[in-house]
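**Q** I am sharing coords-v1.txt, which consists of compact mmCIF, C-alpha atoms and all ligand atoms:
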# COMPACT_ATOMS: atom_id res chain seq x y z
CA MET W 1 9.56 2.43 -34.70
CA LYS W 2 8.67 5.79 -33.27
CA VAL W 3 8.79 6.15 -29.50
CA LEU W 4 7.85 9.35 -27.67
CA LEU W 5 9.29 9.83 -24.19
CA ILE W 6 7.49 12.25 -21.87
CA GLY W 7 9.37 14.00 -19.07
CA ASN W 8 12.69 15.79 -19.09
CA GLY W 9 14.54 15.00 -15.88
CA GLY W 10 17.32 12.63 -14.91
CA ARG W 11 15.07 9.57 -14.92
CA GLU W 12 14.02 10.25 -18.50
CA HIS W 13 17.61 10.86 -19.60
CA ALA W 14 18.53 7.48 -18.10
CA ILE W 15 15.56 5.81 -19.83
CA ALA W 16 16.47 7.39 -23.18
CA ARG W 17 20.09 6.30 -22.83
CA ALA W 18 19.08 2.72 -21.93
CA LEU W 19 16.57 2.48 -24.80
CA ILE W 20 19.35 3.39 -27.22
CA ARG W 21 22.17 1.45 -25.53
CA THR W 22 20.21 -1.81 -25.32
CA GLY W 23 18.32 -1.36 -28.58
CA ALA W 24 20.71 -3.26 -30.82
CA HIS W 25 19.24 -6.65 -29.88
CA SER W 26 15.62 -5.57 -29.70
CA ARG W 27 13.22 -8.24 -30.95
CA VAL W 28 10.48 -5.64 -31.42
CA LEU W 29 12.68 -3.61 -33.75
CA ALA W 30 13.81 -6.75 -35.60
CA GLU W 31 10.21 -7.91 -36.09
CA ARG W 32 9.13 -4.49 -37.33
CA GLY W 33 12.24 -4.22 -39.47
CA THR W 34 12.72 -0.61 -38.44
CA PRO W 35 15.27 1.29 -36.36
CA LEU W 36 14.34 3.07 -33.16
CA GLU W 37 13.34 6.68 -33.73
CA LEU W 38 13.34 8.25 -30.30
CA PHE W 39 11.42 11.50 -29.77
CA ALA W 40 11.49 13.16 -26.38
CA GLN W 41 10.00 16.11 -24.61
CA ALA W 42 12.40 18.99 -25.27
CA GLY W 43 14.36 20.85 -22.66
CA ASN W 44 16.99 18.52 -21.21
CA PRO W 45 20.41 19.09 -22.82
CA GLY W 46 21.38 15.45 -22.18
CA ILE W 47 18.25 13.99 -23.79
CA ASP W 48 18.18 16.58 -26.58
CA ARG W 49 21.57 15.24 -27.72
CA ILE W 50 20.37 11.65 -28.15
CA ALA W 51 16.68 12.01 -29.10
CA THR W 52 14.68 14.29 -31.37
CA PRO W 53 13.32 17.06 -29.12
CA VAL W 54 9.57 17.68 -29.26
CA ASP W 55 8.40 21.06 -28.04
CA PHE W 56 4.89 20.94 -26.61
CA GLY W 57 4.58 24.74 -26.55
CA ASP W 58 2.02 25.81 -23.97
CA ALA W 59 0.86 22.24 -23.34
CA ASN W 60 2.19 20.88 -20.05
CA PRO W 61 2.13 17.09 -19.61
CA ALA W 62 1.38 17.53 -15.90
CA ASP W 63 -1.74 19.58 -16.62
CA PRO W 64 -4.91 17.50 -17.13
CA ASN W 65 -6.13 20.16 -19.54
CA SER W 66 -3.13 19.46 -21.81
CA SER W 67 -3.50 15.66 -21.98
CA ASP W 68 -5.57 15.64 -25.17
CA ALA W 69 -3.24 18.09 -26.95
CA ILE W 70 -0.16 16.02 -26.07
CA ALA W 71 -1.86 12.77 -27.08
CA GLN W 72 -2.80 14.43 -30.38
CA ARG W 73 0.85 15.44 -30.80
CA ALA W 74 1.83 11.79 -30.34
CA ARG W 75 -0.70 10.87 -33.03
CA ASP W 76 0.66 13.56 -35.38
CA LEU W 77 4.14 12.08 -34.89
CA ASN W 78 2.75 8.62 -35.72
CA ALA W 79 4.20 7.39 -32.44
CA ASP W 80 4.01 3.61 -31.99
CA LEU W 81 4.66 3.83 -28.26
CA VAL W 82 4.55 6.59 -25.67
CA ILE W 83 6.59 6.20 -22.47
CA ILE W 84 5.57 8.48 -19.61
CA GLY W 85 8.38 9.07 -17.10
CA PRO W 86 7.17 11.31 -14.25
CA GLU W 87 4.23 10.81 -11.90
CA ALA W 88 2.49 14.14 -12.52
CA PRO W 89 1.40 13.40 -16.15
CA LEU W 90 0.27 9.92 -15.07
CA VAL W 91 -1.80 11.34 -12.24
CA ALA W 92 -3.18 13.93 -14.68
CA GLY W 93 -4.46 11.15 -16.95
CA LEU W 94 -2.07 11.47 -19.90
CA ALA W 95 -1.80 7.68 -20.34
CA ASP W 96 -5.60 7.45 -20.73
CA ALA W 97 -5.56 10.21 -23.37
CA VAL W 98 -2.74 8.49 -25.29
CA ARG W 99 -4.54 5.13 -25.24
CA ALA W 100 -7.73 6.86 -26.38
CA GLN W 101 -5.77 7.82 -29.52
CA GLY W 102 -5.09 4.13 -30.12
CA ILE W 103 -1.40 4.44 -29.20
CA ALA W 104 0.34 1.95 -26.90
CA CYS W 105 1.44 3.64 -23.69
CA PHE W 106 3.84 2.65 -20.91
CA GLY W 107 2.39 4.06 -17.70
CA PRO W 108 -0.77 3.59 -15.66
CA GLY W 109 -4.02 5.46 -16.27
CA LYS W 110 -5.23 8.09 -13.86
CA GLU W 111 -7.17 5.69 -11.62
CA ALA W 112 -4.27 3.23 -11.29
CA ALA W 113 -1.84 6.12 -10.71
CA ARG W 114 -3.69 6.78 -7.44
CA LEU W 115 -1.37 4.14 -5.97
CA GLU W 116 1.14 7.00 -5.85
CA ALA W 117 -1.18 10.03 -5.84
CA SER W 118 -2.94 9.01 -2.63
CA LYS W 119 -1.10 7.33 0.22
CA SER W 120 -4.42 6.35 1.82
CA PHE W 121 -5.63 4.75 -1.42
CA ALA W 122 -2.39 2.76 -1.62
CA LYS W 123 -2.94 1.56 1.95
CA THR W 124 -6.50 0.52 1.08
CA VAL W 125 -5.30 -1.51 -1.90
CA MET W 126 -2.50 -3.10 0.13
CA ASP W 127 -5.02 -4.02 2.80
CA GLU W 128 -7.39 -5.55 0.23
CA ALA W 129 -4.51 -7.42 -1.43
CA GLY W 130 -3.01 -8.71 1.83
CA VAL W 131 0.27 -6.87 1.26
CA ALA W 132 2.47 -6.30 4.33
CA THR W 133 2.91 -2.63 5.22
CA ALA W 134 3.01 -0.45 8.34
CA ARG W 135 -0.20 -0.01 10.35
CA SER W 136 -1.58 3.41 9.45
CA PHE W 137 -4.30 5.95 10.15
CA THR W 138 -5.66 8.45 7.65
CA CYS W 139 -6.46 11.73 9.41
CA GLN W 140 -8.50 14.75 8.35
CA THR W 141 -8.45 16.73 11.59
CA MET W 142 -5.81 17.61 14.18
CA ASP W 143 -7.74 15.61 16.78
CA GLU W 144 -7.34 12.54 14.61
CA VAL W 145 -3.67 13.41 14.11
CA ASP W 146 -3.06 13.61 17.86
CA GLN W 147 -4.82 10.30 18.43
CA ALA W 148 -2.78 8.62 15.66
CA LEU W 149 0.52 10.07 16.93
CA ARG W 150 -0.25 8.66 20.38
CA THR W 151 -1.12 5.24 18.95
CA CYS W 152 1.71 4.71 16.42
CA THR W 153 5.27 3.71 17.24
CA THR W 154 8.02 6.33 17.16
CA PRO W 155 9.80 8.02 15.51
CA HIS W 156 6.65 9.57 14.06
CA VAL W 157 5.99 8.96 10.37
CA VAL W 158 3.71 11.62 8.87
CA LYS W 159 2.87 11.47 5.17
CA ASP W 160 0.98 13.98 3.09
CA ASP W 161 -1.82 11.99 1.46
CA GLN W 162 -1.28 13.82 -1.85
CA LEU W 163 1.67 14.19 -4.20
CA ALA W 164 4.12 16.64 -2.66
CA ALA W 165 7.18 16.62 -4.94
CA GLY W 166 9.33 14.64 -2.51
CA LYS W 167 8.44 16.89 0.45
CA GLY W 168 5.44 14.97 1.73
CA VAL W 169 7.06 12.60 4.24
CA LEU W 170 8.42 13.57 7.64
CA VAL W 171 10.07 11.06 9.95
CA THR W 172 10.86 12.68 13.28
CA ALA W 173 11.15 12.01 16.99
CA ASP W 174 9.83 15.52 17.65
CA SER W 175 6.06 15.51 18.28
CA ASP W 176 5.77 19.26 17.66
CA ALA W 177 7.46 18.92 14.27
CA ALA W 178 5.18 15.97 13.44
CA ARG W 179 2.08 18.02 14.35
CA GLU W 180 3.31 21.03 12.38
CA HIS W 181 3.89 18.92 9.26
CA ALA W 182 0.46 17.33 9.66
CA ARG W 183 -1.18 20.74 10.04
CA HIS W 184 0.60 21.98 6.91
CA CYS W 185 -0.72 18.97 4.95
CA LEU W 186 -4.25 19.40 6.32
CA ASP W 187 -4.21 23.06 5.27
CA ARG W 188 -3.98 22.04 1.60
CA PRO W 189 -7.25 21.80 -0.34
CA ASP W 190 -8.72 18.32 0.37
CA GLY W 191 -5.81 17.86 2.80
CA ALA W 192 -5.32 14.58 4.64
CA VAL W 193 -2.36 12.89 6.28
CA VAL W 194 -1.40 9.30 6.77
CA ILE W 195 0.29 8.57 10.10
CA GLU W 196 1.86 5.16 10.45
CA ASP W 197 4.11 2.96 12.53
CA TYR W 198 7.82 3.40 11.97
CA LEU W 199 9.45 0.60 9.98
CA ASP W 200 12.99 -0.25 11.02
CA GLY W 201 15.67 -1.69 8.77
CA PRO W 202 17.32 -0.55 5.56
CA GLU W 203 15.23 0.52 2.59
CA VAL W 204 15.37 -1.03 -0.86
CA SER W 205 13.76 0.07 -4.12
CA LEU W 206 12.52 -2.69 -6.39
CA PHE W 207 10.94 -1.79 -9.73
CA CYS W 208 8.35 -4.20 -11.11
CA ILE W 209 7.09 -3.90 -14.67
CA SER W 210 3.49 -4.96 -15.27
CA ASP W 211 1.19 -5.30 -18.24
CA GLY W 212 -1.89 -5.39 -16.00
CA THR W 213 -1.60 -9.14 -15.42
CA HIS W 214 2.03 -10.28 -15.44
CA VAL W 215 4.90 -8.88 -13.40
CA VAL W 216 8.62 -8.74 -14.22
CA PRO W 217 11.02 -7.44 -11.55
CA LEU W 218 14.14 -5.44 -12.32
CA VAL W 219 17.12 -5.55 -9.93
CA PRO W 220 17.09 -3.95 -6.45
CA ALA W 221 18.79 -0.63 -5.76
CA GLN W 222 19.20 1.56 -2.73
CA ASP W 223 18.44 5.27 -2.69
CA PHE W 224 19.92 7.81 -0.24
CA LYS W 225 17.00 10.09 0.54
CA ARG W 226 18.44 12.48 3.09
CA LEU W 227 20.38 15.53 1.97
CA GLN W 228 23.50 15.11 4.06
CA ASP W 229 26.04 12.43 4.93
CA ALA W 230 25.15 9.87 7.59
CA ASN W 231 21.48 10.37 6.72
CA GLU W 232 21.27 13.83 8.26
CA GLY W 233 19.23 16.74 6.99
CA PRO W 234 15.88 16.91 5.22
CA ASN W 235 14.39 14.33 2.89
CA THR W 236 15.03 14.89 -0.79
CA GLY W 237 13.99 13.20 -4.01
CA GLY W 238 17.17 11.13 -3.62
CA MET W 239 20.84 12.13 -3.47
CA GLY W 240 22.41 8.97 -4.85
CA ALA W 241 21.92 5.28 -5.43
CA TYR W 242 23.74 2.04 -6.11
CA SER W 243 23.12 -1.46 -7.38
CA PRO W 244 23.60 -4.37 -6.74
CA LEU W 245 23.08 -4.63 -2.97
CA PRO W 246 25.57 -7.28 -1.81
CA TRP W 247 24.11 -7.35 1.71
CA LEU W 248 20.62 -8.27 0.50
CA HIS W 249 19.41 -11.87 0.63
CA ASP W 250 19.00 -13.69 -2.67
CA GLY W 251 15.44 -14.18 -3.72
CA LEU W 252 14.14 -10.79 -2.56
CA ALA W 253 12.83 -9.96 -6.04
CA ASP W 254 10.89 -13.24 -6.27
CA GLU W 255 9.50 -12.76 -2.78
CA VAL W 256 8.37 -9.20 -3.58
CA VAL W 257 6.76 -10.27 -6.84
CA ARG W 258 4.87 -13.10 -5.11
CA THR W 259 3.82 -11.30 -1.93
CA ILE W 260 3.55 -7.66 -3.01
CA ALA W 261 3.55 -6.85 -6.73
CA GLU W 262 1.38 -9.69 -8.06
CA PRO W 263 -1.30 -9.37 -5.35
CA THR W 264 -1.40 -5.60 -5.95
CA VAL W 265 -1.64 -5.94 -9.72
CA ARG W 266 -4.34 -8.60 -9.32
CA ARG W 267 -6.31 -6.39 -6.95
CA MET W 268 -6.06 -3.38 -9.30
CA ALA W 269 -7.42 -5.54 -12.14
CA GLN W 270 -10.29 -6.76 -9.93
CA ARG W 271 -11.10 -3.12 -9.14
CA GLY W 272 -11.43 -2.47 -12.88
CA THR W 273 -8.36 -0.22 -12.96
CA PRO W 274 -5.56 -2.46 -14.26
CA PHE W 275 -2.03 -1.35 -13.58
CA THR W 276 0.13 -1.08 -16.70
CA GLY W 277 3.57 0.39 -16.23
CA LEU W 278 6.13 0.39 -13.48
CA LEU W 279 5.19 -0.38 -9.90
CA TYR W 280 7.97 1.04 -7.74
CA CYS W 281 8.01 -0.93 -4.51
CA GLY W 282 9.71 1.12 -1.80
CA LEU W 283 10.52 -1.51 0.82
CA ALA W 284 11.79 -1.71 4.38
CA MET W 285 13.82 -4.78 5.29
CA SER W 286 12.29 -4.61 8.76
CA SER W 287 13.01 -6.90 11.67
CA ASN W 288 9.52 -8.34 11.06
CA GLY W 289 10.16 -9.05 7.38
CA VAL W 290 9.78 -7.15 4.12
CA ARG W 291 7.24 -4.31 4.36
CA VAL W 292 6.05 -1.78 1.80
CA VAL W 293 7.01 1.78 2.72
CA GLU W 294 5.40 3.28 -0.37
CA PHE W 295 4.31 2.58 -3.90
CA ASN W 296 5.17 4.85 -6.80
CA VAL W 297 3.86 4.35 -10.29
CA ARG W 298 6.97 5.20 -12.31
CA PHE W 299 10.70 4.60 -12.41
CA GLY W 300 12.49 6.01 -9.35
CA ASP W 301 14.97 8.82 -9.62
CA PRO W 302 17.96 8.41 -9.18
CA GLU W 303 17.69 4.59 -8.80
CA THR W 304 16.84 4.26 -12.52
CA GLN W 305 20.26 5.67 -13.36
CA VAL W 306 21.97 2.66 -11.75
CA VAL W 307 19.39 -0.05 -12.43
CA LEU W 308 19.18 0.61 -16.17
CA GLU W 309 22.96 1.01 -16.41
CA ARG W 310 23.19 -2.69 -15.48
CA LEU W 311 20.50 -3.85 -17.94
CA GLU W 312 21.85 -5.86 -20.86
CA SER W 313 18.67 -7.00 -22.62
CA PRO W 314 16.52 -4.55 -24.61
CA LEU W 315 14.56 -2.12 -22.46
CA LEU W 316 12.31 -1.32 -25.40
CA ASP W 317 11.03 -4.91 -25.59
CA LEU W 318 10.02 -4.88 -21.93
CA LEU W 319 8.25 -1.53 -22.06
CA ASP W 320 6.56 -2.25 -25.37
CA ALA W 321 5.29 -5.65 -24.19
CA ALA W 322 4.02 -4.16 -20.93
CA SER W 323 2.10 -1.58 -22.93
CA ARG W 324 0.48 -4.25 -25.13
CA GLY W 325 -0.34 -6.87 -22.49
CA THR W 326 2.25 -9.37 -23.73
CA LEU W 327 4.85 -9.28 -20.98
CA ASP W 328 4.68 -13.07 -20.62
CA GLN W 329 6.09 -13.39 -24.15
CA VAL W 330 9.31 -11.44 -23.45
CA ALA W 331 12.47 -13.15 -22.21
CA ALA W 332 13.41 -12.27 -18.64
CA PRO W 333 15.75 -9.27 -18.52
CA THR W 334 19.47 -9.97 -18.21
CA TRP W 335 21.90 -8.00 -16.08
CA SER W 336 25.56 -7.15 -15.96
CA ASP W 337 27.50 -8.27 -12.88
CA ASP W 338 29.04 -4.81 -12.85
CA ALA W 339 28.14 -2.36 -10.14
CA ALA W 340 26.73 1.09 -10.79
CA VAL W 341 26.81 4.07 -8.46
CA THR W 342 25.27 7.50 -8.96
CA VAL W 343 25.90 10.64 -6.94
CA VAL W 344 23.54 13.59 -7.35
CA LEU W 345 24.88 17.14 -7.58
CA ALA W 346 22.22 19.51 -6.29
CA SER W 347 21.87 23.29 -6.31
CA PRO W 348 22.54 25.29 -3.15
CA GLY W 349 19.35 25.65 -1.11
CA TYR W 350 17.83 22.39 -2.38
CA PRO W 351 15.41 20.92 -1.28
CA VAL W 352 13.88 23.99 0.39
CA ARG W 353 14.56 26.71 -2.18
CA ALA W 354 17.12 25.88 -4.84
CA ARG W 355 19.25 28.73 -6.14
CA THR W 356 19.97 28.08 -9.80
CA GLY W 357 21.88 29.70 -12.66
CA GLN W 358 25.43 28.60 -11.76
CA THR W 359 27.71 27.86 -14.68
CA ILE W 360 28.93 24.25 -14.64
CA ARG W 361 32.31 23.41 -16.11
CA GLY W 362 34.24 20.18 -16.47
CA ALA W 363 31.42 17.88 -17.64
CA GLU W 364 33.47 16.64 -20.60
CA ALA W 365 36.53 15.99 -18.40
CA ALA W 366 34.38 14.01 -15.97
CA GLU W 367 33.02 11.82 -18.76
CA GLU W 368 36.54 11.03 -19.98
CA LEU W 369 36.99 8.75 -16.96
CA PRO W 370 36.38 5.09 -17.83
CA GLY W 371 32.85 3.95 -16.99
CA VAL W 372 31.62 7.44 -16.11
CA HIS W 373 28.77 9.36 -17.69
CA LEU W 374 26.59 12.27 -16.66
CA ILE W 375 22.84 12.25 -16.54
CA HIS W 376 21.19 15.65 -16.82
CA ALA W 377 18.49 16.18 -14.21
CA GLY W 378 18.09 19.96 -14.02
CA THR W 379 20.41 21.71 -16.47
CA LYS W 380 20.03 23.99 -19.42
CA SER W 381 22.30 24.80 -22.27
CA VAL W 382 22.89 28.50 -22.79
CA GLY W 383 24.40 30.50 -25.60
CA ALA W 384 24.76 27.85 -28.29
CA ALA W 385 23.31 27.62 -31.72
CA GLN W 386 21.20 24.47 -31.98
CA ASP W 387 23.89 22.71 -33.98
CA SER W 388 27.02 23.80 -32.10
CA GLU W 389 26.70 22.12 -28.75
CA ALA W 390 30.45 22.50 -28.19
CA HIS W 391 30.05 26.22 -27.56
CA ALA W 392 27.13 25.87 -25.19
CA THR W 393 27.50 26.71 -21.53
CA LEU W 394 25.89 24.31 -19.10
CA VAL W 395 23.88 26.04 -16.40
CA ALA W 396 22.13 24.70 -13.29
CA ASP W 397 18.39 24.88 -13.78
CA GLY W 398 16.78 22.81 -11.04
CA GLY W 399 17.09 21.36 -7.55
CA ARG W 400 18.82 18.16 -8.52
CA VAL W 401 21.09 19.15 -11.40
CA LEU W 402 23.47 16.40 -12.52
CA ASP W 403 23.77 12.71 -11.70
CA VAL W 404 27.31 11.42 -11.94
CA VAL W 405 27.02 7.73 -12.84
CA ALA W 406 29.93 5.30 -12.70
CA ARG W 407 29.99 1.66 -13.66
CA ALA W 408 32.80 -0.73 -12.69
CA ALA W 409 33.48 -4.30 -11.63
CA THR W 410 32.86 -3.57 -7.95
CA ILE W 411 30.88 -1.04 -5.94
CA ASP W 412 34.08 0.35 -4.44
CA GLU W 413 35.58 0.98 -7.86
CA ALA W 414 32.39 2.53 -9.19
CA ARG W 415 32.13 4.70 -6.11
CA ARG W 416 35.73 5.88 -6.43
CA ALA W 417 35.22 6.69 -10.12
CA ALA W 418 32.05 8.68 -9.39
CA TYR W 419 33.81 10.82 -6.78
CA GLU W 420 36.88 11.26 -8.97
CA ALA W 421 34.55 12.53 -11.71
CA ILE W 422 32.93 14.94 -9.27
CA GLY W 423 36.41 16.28 -8.54
CA ARG W 424 36.65 17.30 -12.20
CA ILE W 425 33.34 19.20 -12.19
CA ASP W 426 33.25 22.86 -11.28
CA PHE W 427 29.72 23.61 -10.02
CA PRO W 428 29.94 26.48 -7.52
CA GLU W 429 28.21 25.88 -4.17
CA CYS W 430 26.76 22.55 -5.26
CA GLN W 431 25.66 20.06 -2.63
CA PHE W 432 26.37 16.35 -2.75
CA ARG W 433 26.75 13.47 -0.35
CA ARG W 434 30.16 11.93 0.18
CA ASP W 435 28.92 8.60 1.53
CA ILE W 436 26.85 7.20 -1.33
CA ALA W 437 27.17 3.43 -1.68
CA GLN W 438 28.97 3.01 1.60
CA TRP W 439 27.57 0.48 3.96
CA PRO W 440 26.75 -0.42 6.68
CA ASP W 441 26.73 3.35 7.38
CA GLY W 442 24.58 3.95 4.34
CA LEU W 443 22.25 1.10 5.08
CA SER W 444 19.29 2.98 6.41
CA ALA W 445 19.25 5.58 3.65
N1 LIG I 1 14.14 8.16 -5.38
C1 LIG I 1 12.83 8.20 -4.87
C2 LIG I 1 11.77 8.35 -5.87
O1 LIG I 1 12.01 8.27 -7.05
O2 LIG I 1 10.63 8.55 -5.49
Have the structure of the file written as structure tokens, please.

**A**
Amino acid sequence: MKVLLIGNGGREHAIARALIRTGAHSRVLAERGTPLELFAQAGNPGIDRIATPVDFGDANPADPNSSDAIAQRARDLNADLVIIGPEAPLVAGLADAVRAQGIACFGPGKEAARLEASKSFAKTVMDEAGVATARSFTCQTMDEVDQALRTCTTPHVVKDDQLAAGKGVLVTADSDAAREHARHCLDRPDGAVVIEDYLDGPEVSLFCISDGTHVVPLVPAQDFKRLQDANEGPNTGGMGAYSPLPWLHDGLADEVVRTIAEPTVRRMAQRGTPFTGLLYCGLAMSSNGVRVVEFNVRFGDPETQVVLERLESPLLDLLDAASRGTLDQVAAPTWSDDAAVTVVLASPGYPVRARTGQTIRGAEAAEELPGVHLIHAGTKSVGAAQDSEAHATLVADGGRVLDVVARAATIDEARRAAYEAIGRIDFPECQFRRDIAQWPDGLSA
């Protein structure tokens, strides 16, 4: 069975690893009587080692003008399934182009991807579906911004309505900073901002897989979004994550499916834009109950690195069934009781302006520790012939560079292993948090 994975960051490396690791008991593969042949967008040294790299040349999955060329490439490969990792290709309409080629695709079409691409659209759908979220105002002028800032609770929560590569949300007690962020968002073409009440309580990420009708939850994780320890510094894409969450009440996943994911999926189907793929429910465990902070339409990064590390049943069967509308025919996923922790190593200057190009040493020594592996998020391999990886030098090539993942019987053990592994890695000037997976201090990450 040929599977093509689009995207070449840490999330996609984690997906590729999980597809292979859990593939041995795949019912889909058994029924087809074929092994998994995993193809993946080239350019990530971690993924390139475990999947066949596919170079798209000038075609960029995030560019709507490239969607047809990439879908055609999937057809030329005879792909049976395409899995789209990042949001940008989904928002660009790549899933629609792949389906138009008659190929099953994991990921929502362009219209359904608006749940992530437009914060105001997501709020509209939540309102229509009766999903609990913060009261919000969508603003197109600074007068509207000022009115909304006066009306909403503090600290101020100001969200760029559009995709902003992790830089769209500002939570601040400083009204001037809130106004400045809003003005910056409004200055973008078609700019709008969503200003909303602040939600208290710790945040939880719960991924729900949907085939457009049915919903299957994965296990909760917590992401640490701020750059520095004790939740200081700017927001990032995420500096670390862990799962399970021992402090969380049992039954959260069922509650979220019943009150959030299913009503949203139902509403998207009623709108004529069914949601197929992964609905990332970013949640606040607020004093008033569970509230949606945001929806994303793809696996979260770096939460995927810990969630999928705990998955025991075949990931391929879930994603394939979601793509074909048969999720109700797949056994519920099973999970290890082990804990998983990931700590992100980021380039100096991230998230404002990452300085890249540092040579990274010690990756092999880090992975010699029991239960530890590295996920490549923004690296490149320099100076090696294609077939002699041993002589390659690993170089930082992005904002978030490496995710150190550790799995162990307890969170404490996994956490210790992750930091011991970091001690073996020489990555000059890298930034990382030292308090990942610590709670209660880490609770409101
Ligand atoms: N870790 C946050 C995100 O994936 O959006």

**Q** Let me have all residues with an atom within 7 Å of ligand LIG 1 (chain I), counting all atoms listed in the file, laid out as a ChimeraX atom specification.

**A** /W:166,223,225,237-238,296,299-303

**Q** Do you have the atom CA of W:Asp229-atom CA of W:Asp161 distance handy?

**A** 28.1 Å

**Q** Around stretch 201-212 of chain W, fit a box with edges along x, y and z, padding it by 8 Å on each side, then list its centre and edge lengths in Å to one decimal as lines of an AutoDock Vina configuration file.

**A**
center_x = 7.7
center_y = -2.4
center_z = -4.7
size_x = 35.2
size_y = 21.9
size_z = 43.0

**Q** Which residues are close to stretch 147-152 of chain W, i.e. within 10 Å by all atoms listed in the file, leaving aside same-chain residues fewer than 5 positions away? Reply as number ranges by chain.

**A** W: 134-139, 142, 157-158, 175, 178-179, 194-198

**Q** List the spatial neighbours of W:Phe56 as number ranges by chain - criterion: any atom at most 10 Å away, only C-alpha atoms, same-chain residues fewer than 4 positions off excluded.

**A** W: 41-42, 60-61, 66, 69-70, 73

**Q** With C-alpha atoms retained, export the selected residues as a PDB file, keeping the file's coordinate frame.

**A**
ATOM      1  CA  GLN W  41      10.000  16.110 -24.610  1.00  0.00           C
ATOM      2  CA  ALA W  42      12.400  18.990 -25.270  1.00  0.00           C
ATOM      3  CA  ASN W  60       2.190  20.880 -20.050  1.00  0.00           C
ATOM      4  CA  PRO W  61       2.130  17.090 -19.610  1.00  0.00           C
ATOM      5  CA  SER W  66      -3.130  19.460 -21.810  1.00  0.00           C
ATOM      6  CA  ALA W  69      -3.240  18.090 -26.950  1.00  0.00           C
ATOM      7  CA  ILE W  70      -0.160  16.020 -26.070  1.00  0.00           C
ATOM      8  CA  ARG W  73       0.850  15.440 -30.800  1.00  0.00           C
TER       9      ARG W  73
END

**Q** Between W:Arg433, W:His214, W:His184, W:Lys119, which residue has the minimum interatomic distance to W:Leu318, considering only C-alpha atoms?

**A**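 Residue with the minimum atom-to-atom distance to W:Leu318: W:His214.
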
**Q** What does the structure give for the distance between atom CA of W:Ser336 and atom CA of W:Val204, in Å to one decimal?

**A**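 Separation between atom CA of W:Ser336 and atom CA of W:Val204: 19.2 Å.
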
**Q** Give me the residues within 10 Å of W:Asp426 as a PyMOL selection string, counting all atoms listed in the file and dropping any in the same chain fewer than 4 places off.

**A** chain W and resi 358-363+422+430

**Q** So that I can check the surroundings of W:His249, please list as a list of chain:residue names every protein, DNA and RNA residue that reaches within 12 Å of it, counting all atoms listed in the file and ignoring chain neighbours fewer than 3 positions away.

**A**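 Contacts, with the query itself left out: W:Val204, W:Pro220, W:Pro244, W:Leu245, W:Pro246, W:Leu252, W:Ala253, W:Asp254, W:Glu255, W:Met285, W:Gly289, W:Val290.
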
**Q** One decimal, in Å: what's the spacing between atom CA of W:Asp68 and atom CA of W:Val98?

**A** 7.7 Å

**Q** Residues around (28.0, -0.4, -11.9), cut-off 6 Å, counting all atoms listed in the file - what are they as a PyMOL selection string?

**A** chain W and resi 338-341+407-408+414

**Q** Nearest residue to W:Thr379 out of W:Ile47, W:Ala62, W:Ala366, W:Ala165, using all atoms listed in the file?

**A**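 The answer is W:Ile47, which sits nearest to W:Thr379.
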
**Q** List as a PyMOL selection string the protein and nucleic acid residues near stretch 28-37 of chain W, meaning an atom at most 7 Å away when all atoms listed in the file are counted, but skip any in the same chain fewer than 2 places from it.

**A** chain W and resi 1-3+26+39+317

**Q** Nearest to W:Lys123: which of W:Val404, W:Leu77, W:Val293, W:Ala392 is it, counting all atoms listed in the file?

**A** W:Val293
